[in-house]
>>> print(open('query36.cif').read())   # mmCIF, C-alpha atoms and all ligand atoms
data_final
loop_
_atom_site.label_atom_id
_atom_site.label_comp_id
_atom_site.auth_asym_id
_atom_site.auth_seq_id
_atom_site.Cartn_x
_atom_site.Cartn_y
_atom_site.Cartn_z
CA MET V 984 27.88 157.99 13.48
CA LEU V 985 27.78 154.17 13.34
CA ARG V 986 27.98 152.80 9.78
CA ILE V 987 27.00 149.20 9.28
CA GLY V 988 27.31 147.22 6.04
CA MET V 989 25.52 143.96 5.21
CA LEU V 990 25.78 141.33 2.53
CA THR V 991 24.30 137.91 1.85
CA SER V 992 26.67 135.44 0.24
CA GLY V 993 26.52 131.96 -1.31
CA GLY V 994 23.38 129.90 -1.87
CA ASP V 995 20.29 131.64 -0.54
CA CYS V 996 17.98 130.18 2.10
CA GLN V 997 14.94 131.06 4.14
CA ALA V 998 15.33 133.65 6.94
CA LEU V 999 18.09 135.74 5.33
CA ASN V 1000 15.70 138.70 5.31
CA ALA V 1001 14.45 137.89 8.81
CA THR V 1002 18.05 137.95 10.07
CA MET V 1003 18.84 141.28 8.42
CA ARG V 1004 15.64 142.78 9.79
CA ALA V 1005 16.58 141.67 13.30
CA ILE V 1006 20.11 143.09 12.98
CA TYR V 1007 18.63 146.40 11.86
CA LEU V 1008 16.00 146.59 14.61
CA SER V 1009 18.44 145.59 17.33
CA ALA V 1010 21.11 148.05 16.16
CA MET V 1011 18.58 150.87 15.88
CA ASN V 1012 17.22 150.15 19.35
CA ASN V 1013 20.63 149.82 21.00
CA ALA V 1014 22.86 152.32 19.19
CA LYS V 1015 24.01 155.29 21.23
CA GLU V 1016 24.65 157.33 18.10
CA PRO V 1017 22.96 157.89 14.73
CA THR V 1018 23.28 154.73 12.64
CA GLU V 1019 23.39 154.15 8.89
CA PHE V 1020 22.93 150.86 7.06
CA TYR V 1021 24.45 149.95 3.70
CA GLY V 1022 23.38 146.84 1.78
CA PHE V 1023 25.82 145.37 -0.75
CA GLN V 1024 24.27 143.78 -3.81
CA ASP V 1025 24.93 140.17 -4.78
CA GLY V 1026 27.23 139.22 -1.94
CA TYR V 1027 30.95 139.94 -1.99
CA LYS V 1028 30.63 141.19 -5.58
CA GLY V 1029 28.75 144.24 -4.29
CA LEU V 1030 31.55 144.90 -1.83
CA MET V 1031 34.21 144.44 -4.51
CA TYR V 1032 32.59 146.72 -7.07
CA SER V 1033 31.03 149.25 -4.71
CA ARG V 1034 27.48 148.26 -5.60
CA TYR V 1035 25.36 149.18 -2.60
CA THR V 1036 22.29 151.02 -1.47
CA MET V 1037 21.59 152.80 1.77
CA LEU V 1038 18.98 150.85 3.69
CA HIS V 1039 16.16 152.52 5.59
CA ARG V 1040 13.44 151.36 7.97
CA SER V 1041 11.03 150.86 5.06
CA ASP V 1042 13.44 148.32 3.49
CA PHE V 1043 13.08 146.10 6.54
CA GLU V 1044 9.32 146.33 6.84
CA ASP V 1045 7.37 143.21 5.84
CA ILE V 1046 10.46 141.09 5.22
CA LEU V 1047 10.29 138.87 8.31
CA THR V 1048 8.39 136.24 6.33
CA ARG V 1049 9.87 136.82 2.88
CA GLY V 1050 12.15 134.13 1.43
CA GLY V 1051 15.28 134.83 -0.61
CA THR V 1052 17.31 137.96 0.06
CA ILE V 1053 16.44 141.58 -0.63
CA LEU V 1054 20.15 142.17 -1.38
CA GLY V 1055 20.69 139.38 -3.89
CA THR V 1056 23.52 136.90 -3.54
CA SER V 1057 26.30 135.23 -5.51
CA ARG V 1058 29.07 132.73 -5.02
CA VAL V 1059 32.62 134.14 -4.92
CA PRO V 1060 34.63 130.97 -4.17
CA PHE V 1061 37.16 131.37 -1.39
CA LYS V 1062 39.73 129.31 -3.29
CA GLU V 1063 39.72 132.01 -5.97
CA ILE V 1064 39.82 134.97 -3.62
CA ASP V 1065 43.52 135.55 -4.24
CA LYS V 1066 43.22 135.22 -8.00
CA PRO V 1067 42.76 138.57 -9.77
CA ASP V 1068 39.26 139.40 -11.07
CA GLN V 1069 38.55 139.69 -14.81
CA TYR V 1070 40.00 143.22 -14.83
CA GLY V 1071 43.22 142.10 -13.13
CA ASN V 1072 42.30 143.61 -9.75
CA ASN V 1073 43.03 142.10 -6.33
CA LYS V 1074 39.63 141.08 -4.93
CA VAL V 1075 40.54 141.49 -1.26
CA GLU V 1076 41.96 144.96 -1.88
CA LEU V 1077 38.80 145.96 -3.79
CA MET V 1078 36.65 144.91 -0.83
CA LYS V 1079 38.86 146.75 1.65
CA LYS V 1080 38.73 149.88 -0.50
CA THR V 1081 34.91 149.97 -0.57
CA TYR V 1082 34.74 149.31 3.18
CA HIS V 1083 37.12 152.19 3.94
CA GLU V 1084 35.62 154.58 1.38
CA LEU V 1085 32.26 154.19 3.12
CA SER V 1086 33.97 154.56 6.54
CA LEU V 1087 32.16 151.45 7.71
CA ASP V 1088 32.44 150.52 11.38
CA CYS V 1089 31.34 146.98 10.77
CA LEU V 1090 30.33 144.51 8.06
CA PHE V 1091 27.76 141.73 8.50
CA VAL V 1092 28.29 138.66 6.33
CA LEU V 1093 25.33 136.30 6.21
CA GLY V 1094 26.93 133.21 4.77
CA GLY V 1095 27.85 129.55 4.90
CA ASN V 1096 31.15 127.72 4.84
CA GLY V 1097 32.90 129.42 1.92
CA SER V 1098 31.62 132.86 2.85
CA ILE V 1099 32.87 132.53 6.42
CA LYS V 1100 36.38 131.80 5.16
CA THR V 1101 36.31 135.07 3.23
CA ALA V 1102 34.79 136.85 6.26
CA ASN V 1103 37.66 135.55 8.38
CA ARG V 1104 40.15 136.70 5.77
CA LEU V 1105 38.67 140.20 5.77
CA SER V 1106 38.75 140.21 9.55
CA GLN V 1107 42.45 139.27 9.45
CA GLU V 1108 42.94 142.16 7.00
CA GLY V 1109 41.68 144.51 9.71
CA LEU V 1110 37.98 144.91 8.82
CA ASN V 1111 35.39 144.64 11.58
CA VAL V 1112 33.34 141.64 10.56
CA ILE V 1113 30.44 139.79 12.18
CA SER V 1114 29.16 136.70 10.45
CA MET V 1115 25.73 135.07 10.71
CA PRO V 1116 25.36 131.28 10.26
CA LYS V 1117 23.37 130.76 7.08
CA THR V 1118 22.72 127.51 5.22
CA ILE V 1119 20.08 124.86 4.73
CA ASP V 1120 22.90 122.30 5.09
CA ASN V 1121 23.50 122.97 8.83
CA ASP V 1122 27.15 122.09 8.23
CA LEU V 1123 28.82 125.07 9.90
CA TRP V 1124 31.25 124.16 12.61
CA GLY V 1125 30.84 126.06 15.90
CA THR V 1126 27.05 126.28 15.87
CA ASP V 1127 24.44 123.66 16.71
CA MET V 1128 22.11 125.15 14.10
CA THR V 1129 22.16 127.40 11.07
CA PHE V 1130 19.20 129.49 9.94
CA GLY V 1131 17.41 128.09 6.89
CA PHE V 1132 17.95 124.53 8.06
CA GLN V 1133 14.65 123.97 9.86
CA SER V 1134 12.62 125.47 7.02
CA ALA V 1135 14.43 123.21 4.55
CA VAL V 1136 13.78 120.19 6.79
CA ASP V 1137 10.08 121.08 6.65
CA ILE V 1138 10.08 121.24 2.84
CA ALA V 1139 12.08 118.03 2.39
CA THR V 1140 9.76 116.31 4.88
CA ARG V 1141 6.71 117.50 2.97
CA ALA V 1142 8.23 116.07 -0.23
CA ILE V 1143 8.53 112.67 1.49
CA ASP V 1144 5.00 113.01 2.89
CA GLU V 1145 3.55 113.66 -0.56
CA ILE V 1146 5.36 110.64 -1.98
CA HIS V 1147 3.89 108.31 0.66
CA THR V 1148 0.41 108.08 -0.86
CA THR V 1149 1.49 107.46 -4.44
CA ALA V 1150 4.22 105.03 -3.33
CA SER V 1151 1.62 103.16 -1.33
CA SER V 1152 -0.96 103.04 -4.17
CA HIS V 1153 1.56 101.54 -6.58
CA GLY V 1154 3.61 99.50 -4.13
CA ARG V 1155 6.69 101.22 -5.51
CA VAL V 1156 10.10 102.00 -4.15
CA PHE V 1157 10.68 105.75 -4.10
CA ILE V 1158 13.94 107.58 -3.69
CA VAL V 1159 13.67 111.18 -2.49
CA GLU V 1160 17.00 112.92 -3.05
CA ILE V 1161 17.67 115.58 -0.46
CA MET V 1162 20.21 118.42 -0.46
CA GLY V 1163 22.88 118.94 2.17
CA HIS V 1164 26.04 119.17 0.06
CA LYS V 1165 28.75 117.07 1.74
CA THR V 1166 26.78 116.45 4.94
CA GLY V 1167 23.67 114.54 5.91
CA TRP V 1168 21.89 116.78 8.43
CA LEU V 1169 19.01 117.57 6.10
CA PRO V 1170 18.28 114.03 4.82
CA LEU V 1171 18.76 112.62 8.32
CA ASN V 1172 16.18 114.93 9.88
CA ALA V 1173 13.73 114.93 6.96
CA GLY V 1174 14.11 111.15 6.64
CA ILE V 1175 13.14 110.61 10.27
CA ALA V 1176 10.34 113.20 10.12
CA GLY V 1177 8.98 111.68 6.90
CA GLY V 1178 9.12 108.09 8.12
CA ALA V 1179 11.67 106.93 5.53
CA ASP V 1180 12.64 103.24 5.62
CA ILE V 1181 16.22 103.84 4.50
CA ILE V 1182 18.33 106.98 4.96
CA LEU V 1183 21.63 107.29 3.12
CA LEU V 1184 24.13 109.90 4.27
CA PRO V 1185 27.61 110.91 3.05
CA GLU V 1186 28.91 110.23 6.58
CA ILE V 1187 27.68 106.60 6.55
CA PRO V 1188 28.78 105.03 3.25
CA TYR V 1189 26.29 102.40 2.04
CA LYS V 1190 26.58 98.82 0.79
CA LEU V 1191 24.28 98.13 -2.15
CA GLU V 1192 23.63 94.57 -0.88
CA SER V 1193 22.37 95.94 2.41
CA ILE V 1194 19.89 98.25 0.64
CA ILE V 1195 18.70 95.44 -1.60
CA LYS V 1196 18.20 93.14 1.40
CA THR V 1197 16.05 95.77 3.11
CA VAL V 1198 14.00 96.39 -0.06
CA GLN V 1199 13.50 92.65 -0.59
CA ARG V 1200 12.28 92.17 2.95
CA LYS V 1201 9.23 94.25 1.98
CA LYS V 1202 8.84 92.70 -1.49
CA THR V 1203 5.35 91.24 -1.21
CA ASN V 1204 3.88 93.22 -4.10
CA ASN V 1205 0.68 94.12 -2.31
CA ARG V 1206 -0.38 97.69 -1.57
CA GLY V 1207 1.63 97.79 1.62
CA SER V 1208 4.93 96.91 -0.01
CA PHE V 1209 6.09 100.41 -0.84
CA MET V 1210 9.34 101.75 0.47
CA ILE V 1211 10.87 105.21 0.81
CA LEU V 1212 14.56 106.00 0.72
CA ALA V 1213 15.74 109.46 1.80
CA VAL V 1214 19.04 109.79 -0.04
CA ALA V 1215 21.53 112.60 0.51
CA GLU V 1216 22.74 114.22 -2.69
CA GLY V 1217 26.23 113.39 -1.40
CA ALA V 1218 25.51 109.75 -0.49
CA ILE V 1219 28.40 107.47 -1.37
CA SER V 1220 28.96 103.71 -1.45
CA GLN V 1221 31.56 102.00 0.74
CA GLU V 1222 33.36 100.98 -2.43
CA ASP V 1223 33.53 104.54 -3.78
CA LYS V 1224 34.58 105.88 -0.38
CA LYS V 1225 37.86 103.97 -0.80
CA LEU V 1226 38.71 105.99 -3.92
CA SER V 1227 40.77 109.15 -3.76
CA LYS V 1228 38.85 112.40 -4.25
CA LYS V 1229 40.30 112.68 -7.75
CA GLU V 1230 39.42 109.11 -8.71
CA TYR V 1231 35.87 109.57 -7.39
CA GLN V 1232 35.39 112.85 -9.30
CA LYS V 1233 36.56 111.10 -12.49
CA LYS V 1234 34.12 108.25 -11.87
CA LEU V 1235 31.27 110.73 -11.38
CA GLN V 1236 32.12 112.45 -14.65
CA ASN V 1237 31.72 109.14 -16.49
CA TYR V 1238 28.36 108.40 -14.85
CA ILE V 1239 25.44 108.03 -17.22
CA TYR V 1240 23.18 109.01 -14.31
CA PRO V 1241 22.38 112.62 -13.36
CA SER V 1242 22.87 111.83 -9.67
CA VAL V 1243 23.51 109.08 -7.12
CA SER V 1244 19.75 108.49 -6.74
CA TYR V 1245 19.28 107.51 -10.38
CA LYS V 1246 22.20 105.12 -10.18
CA LEU V 1247 20.76 103.53 -7.05
CA ALA V 1248 17.31 103.32 -8.65
CA ALA V 1249 18.71 101.39 -11.62
CA GLU V 1250 20.68 99.08 -9.33
CA ILE V 1251 17.71 98.37 -7.05
CA GLU V 1252 15.37 97.76 -10.01
CA GLU V 1253 17.80 95.33 -11.54
CA ALA V 1254 18.40 93.42 -8.33
CA THR V 1255 14.81 93.28 -7.04
CA GLY V 1256 12.52 93.66 -10.07
CA LYS V 1257 10.66 96.39 -8.14
CA GLU V 1258 9.63 99.61 -9.82
CA VAL V 1259 11.76 102.44 -8.49
CA ARG V 1260 11.05 106.15 -9.00
CA VAL V 1261 13.19 109.16 -8.11
CA THR V 1262 11.91 112.49 -6.83
CA ILE V 1263 14.22 115.46 -6.35
CA PRO V 1264 12.74 118.47 -4.53
CA GLY V 1265 16.02 120.31 -5.32
CA HIS V 1266 16.04 124.05 -4.84
CA THR V 1267 12.48 124.12 -3.50
CA GLN V 1268 14.25 123.19 -0.26
CA ARG V 1269 15.81 126.66 -0.19
CA GLY V 1270 12.72 128.48 -1.35
CA GLY V 1271 9.69 130.17 0.13
CA MET V 1272 9.12 131.69 3.53
CA PRO V 1273 10.98 130.77 6.71
CA ASP V 1274 9.05 128.58 9.12
CA ALA V 1275 8.21 129.80 12.62
CA TYR V 1276 11.30 128.15 14.12
CA ASP V 1277 13.61 129.96 11.69
CA ARG V 1278 11.86 133.28 12.24
CA VAL V 1279 12.44 133.05 15.97
CA PHE V 1280 15.97 131.75 15.50
CA ALA V 1281 16.90 134.45 12.94
CA SER V 1282 15.41 137.10 15.22
CA ARG V 1283 17.50 135.91 18.15
CA LEU V 1284 20.71 135.75 16.08
CA GLY V 1285 20.07 139.17 14.57
CA ALA V 1286 19.22 140.74 17.94
CA GLU V 1287 22.57 139.63 19.32
CA GLY V 1288 24.38 140.65 16.12
CA GLY V 1289 22.90 144.15 16.29
CA ARG V 1290 23.94 144.47 19.94
CA MET V 1291 27.48 143.32 19.11
CA ALA V 1292 27.78 145.92 16.34
CA CYS V 1293 26.74 148.66 18.78
CA GLU V 1294 29.21 147.49 21.40
CA GLY V 1295 32.14 146.94 19.04
CA GLU V 1296 32.38 143.15 19.42
CA TYR V 1297 33.86 142.14 16.10
CA GLY V 1298 35.59 139.14 14.56
CA PHE V 1299 32.89 136.63 15.54
CA MET V 1300 30.30 134.35 14.06
CA VAL V 1301 27.04 134.60 15.99
CA ALA V 1302 26.20 131.00 16.83
CA TYR V 1303 23.87 128.69 18.76
CA LYS V 1304 25.06 126.40 21.53
CA ASN V 1305 22.89 124.47 23.98
CA ARG V 1306 19.85 126.57 23.04
CA GLU V 1307 21.60 129.87 23.66
CA ILE V 1308 22.97 132.48 21.28
CA VAL V 1309 26.74 132.72 21.66
CA LYS V 1310 29.67 134.11 19.69
CA VAL V 1311 32.49 132.04 18.22
CA PRO V 1312 35.71 133.63 16.91
CA LEU V 1313 35.70 133.64 13.11
CA SER V 1314 39.22 132.22 13.14
CA GLU V 1315 37.90 129.14 14.98
CA ALA V 1316 34.80 128.60 12.86
CA ALA V 1317 36.24 129.24 9.40
CA GLY V 1318 37.18 126.29 7.24
CA LYS V 1319 35.70 123.51 9.37
CA LEU V 1320 32.80 121.30 8.39
CA LYS V 1321 30.30 120.00 10.95
CA LEU V 1322 29.52 116.41 9.98
CA VAL V 1323 26.86 114.02 11.25
CA ASP V 1324 28.56 111.68 13.73
CA PRO V 1325 27.60 108.10 12.73
CA ASN V 1326 27.74 107.21 16.44
CA SER V 1327 25.56 110.11 17.59
CA ASN V 1328 22.37 109.46 19.54
CA ILE V 1329 20.09 110.62 16.75
CA VAL V 1330 21.55 108.00 14.39
CA LYS V 1331 21.32 105.32 17.10
CA GLU V 1332 17.72 106.31 17.84
CA ALA V 1333 16.82 106.13 14.16
CA ARG V 1334 18.32 102.64 14.00
CA MET V 1335 16.24 101.66 17.07
CA LEU V 1336 13.15 102.59 15.03
CA GLY V 1337 14.22 100.14 12.34
CA ILE V 1338 15.51 102.76 9.90
CA SER V 1339 18.35 101.35 7.81
CA PHE V 1340 21.40 103.43 6.91
CA GLY V 1341 22.35 100.89 4.25
CA ASP V 1342 25.52 99.88 6.05
CA GLU V 1343 24.60 96.72 7.95
O1 LIG V 1401 24.62 124.96 0.33
C1 LIG V 1401 23.29 124.98 0.00
C2 LIG V 1401 23.02 124.10 -1.20
O2 LIG V 1401 21.64 124.18 -1.50
C3 LIG V 1401 23.45 122.66 -1.07
O3 LIG V 1401 22.58 121.88 -0.31
C4 LIG V 1401 23.56 122.25 -2.52
O4 LIG V 1401 24.49 121.21 -2.68
C5 LIG V 1401 24.05 123.52 -3.18
O5 LIG V 1401 23.72 124.59 -2.32
C6 LIG V 1401 23.44 123.78 -4.53
O6 LIG V 1401 24.08 124.88 -5.08
P1 LIG V 1401 23.56 125.75 -6.31
O7 LIG V 1401 22.47 126.62 -5.82
O8 LIG V 1401 24.75 126.52 -6.74
O9 LIG V 1401 23.06 124.78 -7.33
#
>>> encode(input="query36.cif", output="structure tokens", more="lines below")
Ligand code: F6P
Amino acid sequence: MLRIGMLTSGGDCQALNATMRAIYLSAMNNAKEPTEFYGFQDGYKGLMYSRYTMLHRSDFEDILTRGGTILGTSRVPFKEIDKPDQYGNNKVELMKKTYHELSLDCLFVLGGNGSIKTANRLSQEGLNVISMPKTIDNDLWGTDMTFGFQSAVDIATRAIDEIHTTASSHGRVFIVEIMGHKTGWLPLNAGIAGGADIILLPEIPYKLESIIKTVQRKKTNNRGSFMILAVAEGAISQEDKKLSKKEYQKKLQNYIYPSVSYKLAAEIEEATGKEVRVTIPGHTQRGGMPDAYDRVFASRLGAEGGRMACEGEYGFMVAYKNREIVKVPLSEAAGKLKLVDPNSNIVKEARMLGISFGDE
């Protein structure tokens, strides 16, 4: 008997269900012995508190296109993994206990950066773990792409597209704030796809004067004078970048603005006299069905994951390198962030198109 557990952890995204479906189908088609699937509810919490259901073929039917996760998810921060839970129990020991009580042969963790650190920890504790690269942020080290990312790029791009007409009618400056946490993959790609004039990323700190200069260059107040800024939720000024993490956090706490975009909007309005509006697509970027790219990608990742479970290849994150599905040791991938390289070709190409990164 092959017993496989699965959980989805951290912020949800499109293609979680598509990935689980592919793992199931691949394992069922490749296993040389009867196979059982167990789904843990709400991420690592389900593993800690033995909250699971047995999963059957019917659970995986019709979920290729369904957003969210049939298992539910939660955030169990890695930095608190060694702190006792509210009942005084050791979280890692609780997870190991459930795993062993169910006599699992393997556990799939569909998760992003924090979740992979816990997956690696469990692997070091002797559990057979395979992790799948999930996040709209595309910030996982060791893989060129994460599932959820392309679907989120589509949604963020559509948000910019919709803004174009109203920005043009009113000749306004619009800021579209895009997710991505500490990295700029999502705003960079959506900004290019949506034809943004300025893209601000955490990896390329901006100078306010540079943004104002670019906005003023278009300040003719006719119907063609609109401008669109794609701003990462983690965008930061060159001045703030010089602060220590602690100093910056303190500064943010004293902000009267809900986010960097509102601060920028006020600053641009004051300096240019232009009307500036802010649009935040927010969690819509994680919602809805996976696009075709993510369905194919999730299917490929899951197919390989299912095969690995059947052949006992554990301790890896299934990843994507040079258009092929590969496996990367969890110990290598855990705890590293994949940042946008300011000198990468995609950034250079965007600059060639006249897109400003607010740093010149
Ligand atoms: O990691 C995915 C992500 O959507 C980030 O882009 C964003 O910063 C964060 O999660 C939002 O988290 P929450 O869903 O907890 O508000």
>>> closest_residue(input="query36.cif", among="V:Ser1041, V:Asn1096, V:Ser1134, V:Ser1244", to="ligand LIG 1401 (chain V)", atoms="all atoms listed in the file")
V:Asn1096
>>> closest_atom_pairs(input="query36.cif", of="chain V", to="ligand LIG 1401 (chain V)", cutoff="7 Å", atoms="all atoms listed in the file", output="CSV")
residue,atom,partner,partner_atom,distance
V:Gly994,CA,V:LIG1401,O7,5.2
V:Thr1118,CA,V:LIG1401,C1,5.8
V:Ile1119,CA,V:LIG1401,C1,5.7
V:Asp1120,CA,V:LIG1401,O3,5.4
V:Met1162,CA,V:LIG1401,O3,4.2
V:Gly1163,CA,V:LIG1401,O3,3.9
V:His1164,CA,V:LIG1401,O4,3.8
V:His1266,CA,V:LIG1401,O2,6.5
V:Arg1269,CA,V:LIG1401,O2,6.5
>>> write_last_selection(input="query36.cif", atoms="C-alpha atoms", output="compact mmCIF listing (two decimals), in the frame of the given file")
# COMPACT_ATOMS: atom_id res chain seq x y z
CA GLY V 994 23.38 129.90 -1.87
CA THR V 1118 22.72 127.51 5.22
CA ILE V 1119 20.08 124.86 4.73
CA ASP V 1120 22.90 122.30 5.09
CA MET V 1162 20.21 118.42 -0.46
CA GLY V 1163 22.88 118.94 2.17
CA HIS V 1164 26.04 119.17 0.06
CA HIS V 1266 16.04 124.05 -4.84
CA ARG V 1269 15.81 126.66 -0.19
>>> residues_around(input="query36.cif", residues="Ser1098 of chain V", least_positions_apart="6", cutoff="9 Å", atoms="only C-alpha atoms", output="compact mmCIF listing (two decimals) with C-alpha atoms, in the frame of the given file")
# COMPACT_ATOMS: atom_id res chain seq x y z
CA THR V 991 24.30 137.91 1.85
CA SER V 992 26.67 135.44 0.24
CA GLY V 993 26.52 131.96 -1.31
CA TYR V 1027 30.95 139.94 -1.99
CA ARG V 1058 29.07 132.73 -5.02
CA VAL V 1059 32.62 134.14 -4.92
CA PRO V 1060 34.63 130.97 -4.17
CA PHE V 1061 37.16 131.37 -1.39
CA VAL V 1092 28.29 138.66 6.33
CA SER V 1114 29.16 136.70 10.45
CA ALA V 1317 36.24 129.24 9.40
>>> atom_distance(input="query36.cif", atom1="atom CA of Ile1175 of chain V", atom2="atom CA of Ile1338 of chain V")
8.2 Å
>>> atom_distance(input="query36.cif", atom1="atom CA of Gln1221 of chain V", atom2="atom CA of Trp1124 of chain V")
25.1 Å
>>> residues_around(input="query36.cif", residues="segment 1275-1292 of chain V", least_positions_apart="3", cutoff="10 Å", atoms="all atoms listed in the file", output="MDAnalysis selection string")
chainID V and resid 985:987 997:1014 1047:1048 1088:1091 1111:1117 1128:1135 1272 1295:1297 1299:1303 1306:1310
>>> closest_residue(input="query36.cif", among="V:Ala1215, V:Leu1169, V:Leu1038, V:Leu1226", to="Asn1121 of chain V", atoms="all atoms listed in the file")
V:Leu1169
>>> atom_distance(input="query36.cif", atom1="atom CA of Val1198 of chain V", atom2="atom CA of Glu1332 of chain V")
20.8 Å
>>> residues_around(input="query36.cif", residues="Lys1062 of chain V", least_positions_apart="6", cutoff="10 Å", atoms="all atoms listed in the file", output="list in words")
Gly1097, Lys1100 and Thr1101 of chain V
>>> write_last_selection(input="query36.cif", atoms="C-alpha atoms", output="short mmCIF file (atom, residue, chain, number, x, y, z; two decimals), in the frame of the given file")
data_model
loop_
_atom_site.label_atom_id
_atom_site.label_comp_id
_atom_site.auth_asym_id
_atom_site.auth_seq_id
_atom_site.Cartn_x
_atom_site.Cartn_y
_atom_site.Cartn_z
CA GLY V 1097 32.90 129.42 1.92
CA LYS V 1100 36.38 131.80 5.16
CA THR V 1101 36.31 135.07 3.23
#
>>> closest_residue(input="query36.cif", among="V:Arg1334, V:Lys1079, V:Lys1225, V:Arg1155", to="Phe1209 of chain V", atoms="all atoms listed in the file")
V:Arg1155
>>> closest_residue(input="query36.cif", among="V:Gly1217, V:Met1210, V:Ser1327, V:Glu1250", to="Leu1235 of chain V", atoms="all atoms listed in the file")
V:Gly1217
>>> residues_around(input="query36.cif", residues="Ala1150 of chain V", least_positions_apart="6", cutoff="9 Å", atoms="only C-alpha atoms", output="PyMOL selection string")
chain V and resi 1156-1157+1206+1208-1211+1260
>>> closest_residue(input="query36.cif", among="V:Tyr1070, V:Phe1043, V:Tyr1245, V:Tyr1032", to="Val1159 of chain V", atoms="all atoms listed in the file")
V:Tyr1245
>>> closest_residue(input="query36.cif", among="V:Lys1331, V:Arg1141, V:Lys1080, V:Lys1224", to="Glu1108 of chain V", atoms="only C-alpha atoms")
V:Lys1080
>>> residues_around(input="query36.cif", residues="Val1243 of chain V", least_positions_apart="5", cutoff="10 Å", atoms="all atoms listed in the file", output="list in words")
Glu1160, Val1214, Ala1215, Glu1216, Gly1217, Ala1218, Ile1219, Ser1220, Leu1235, Tyr1238 and Ala1248 of chain V
>>> build_atoms(input="query36.cif", residues="segment 984-996 of chain V", atoms="N, CA, C and O atoms", output="PDB file, in the coordinates of the input")
ATOM      1  N   MET V 984      28.629 158.761  14.490  1.00  0.00           N
ATOM      2  CA  MET V 984      27.880 157.990  13.480  1.00  0.00           C
ATOM      3  C   MET V 984      28.377 156.548  13.446  1.00  0.00           C
ATOM      4  O   MET V 984      29.588 156.306  13.430  1.00  0.00           O
ATOM      5  N   LEU V 985      27.437 155.597  13.463  1.00  0.00           N
ATOM      6  CA  LEU V 985      27.780 154.170  13.340  1.00  0.00           C
ATOM      7  C   LEU V 985      27.352 153.743  11.931  1.00  0.00           C
ATOM      8  O   LEU V 985      26.191 153.895  11.550  1.00  0.00           O
ATOM      9  N   ARG V 986      28.308 153.217  11.159  1.00  0.00           N
ATOM     10  CA  ARG V 986      27.980 152.800   9.780  1.00  0.00           C
ATOM     11  C   ARG V 986      28.140 151.297   9.654  1.00  0.00           C
ATOM     12  O   ARG V 986      29.231 150.761   9.834  1.00  0.00           O
ATOM     13  N   ILE V 987      27.025 150.665   9.326  1.00  0.00           N
ATOM     14  CA  ILE V 987      27.000 149.200   9.280  1.00  0.00           C
ATOM     15  C   ILE V 987      26.704 148.728   7.859  1.00  0.00           C
ATOM     16  O   ILE V 987      25.742 149.176   7.234  1.00  0.00           O
ATOM     17  N   GLY V 988      27.540 147.814   7.360  1.00  0.00           N
ATOM     18  CA  GLY V 988      27.310 147.220   6.040  1.00  0.00           C
ATOM     19  C   GLY V 988      26.781 145.797   6.197  1.00  0.00           C
ATOM     20  O   GLY V 988      26.994 145.154   7.226  1.00  0.00           O
ATOM     21  N   MET V 989      26.080 145.322   5.172  1.00  0.00           N
ATOM     22  CA  MET V 989      25.520 143.960   5.210  1.00  0.00           C
ATOM     23  C   MET V 989      25.612 143.353   3.833  1.00  0.00           C
ATOM     24  O   MET V 989      25.397 144.045   2.833  1.00  0.00           O
ATOM     25  N   LEU V 990      25.884 142.050   3.799  1.00  0.00           N
ATOM     26  CA  LEU V 990      25.780 141.330   2.530  1.00  0.00           C
ATOM     27  C   LEU V 990      25.351 139.896   2.780  1.00  0.00           C
ATOM     28  O   LEU V 990      25.584 139.350   3.862  1.00  0.00           O
ATOM     29  N   THR V 991      24.686 139.323   1.772  1.00  0.00           N
ATOM     30  CA  THR V 991      24.300 137.910   1.850  1.00  0.00           C
ATOM     31  C   THR V 991      25.089 137.183   0.770  1.00  0.00           C
ATOM     32  O   THR V 991      25.141 137.626  -0.372  1.00  0.00           O
ATOM     33  N   SER V 992      25.719 136.074   1.145  1.00  0.00           N
ATOM     34  CA  SER V 992      26.670 135.440   0.240  1.00  0.00           C
ATOM     35  C   SER V 992      26.418 133.941   0.110  1.00  0.00           C
ATOM     36  O   SER V 992      25.986 133.283   1.045  1.00  0.00           O
ATOM     37  N   GLY V 993      26.694 133.396  -1.081  1.00  0.00           N
ATOM     38  CA  GLY V 993      26.520 131.960  -1.310  1.00  0.00           C
ATOM     39  C   GLY V 993      25.082 131.617  -1.642  1.00  0.00           C
ATOM     40  O   GLY V 993      24.269 132.500  -1.951  1.00  0.00           O
ATOM     41  N   GLY V 994      24.748 130.333  -1.569  1.00  0.00           N
ATOM     42  CA  GLY V 994      23.380 129.900  -1.870  1.00  0.00           C
ATOM     43  C   GLY V 994      22.400 130.566  -0.912  1.00  0.00           C
ATOM     44  O   GLY V 994      22.686 130.709   0.267  1.00  0.00           O
ATOM     45  N   ASP V 995      21.243 130.976  -1.429  1.00  0.00           N
ATOM     46  CA  ASP V 995      20.290 131.640  -0.540  1.00  0.00           C
ATOM     47  C   ASP V 995      19.612 130.613   0.371  1.00  0.00           C
ATOM     48  O   ASP V 995      19.871 129.407   0.266  1.00  0.00           O
ATOM     49  N   CYS V 996      18.783 131.075   1.254  1.00  0.00           N
ATOM     50  CA  CYS V 996      17.980 130.180   2.100  1.00  0.00           C
ATOM     51  C   CYS V 996      16.893 131.015   2.746  1.00  0.00           C
ATOM     52  O   CYS V 996      16.872 132.243   2.603  1.00  0.00           O
TER      53      CYS V 996
END
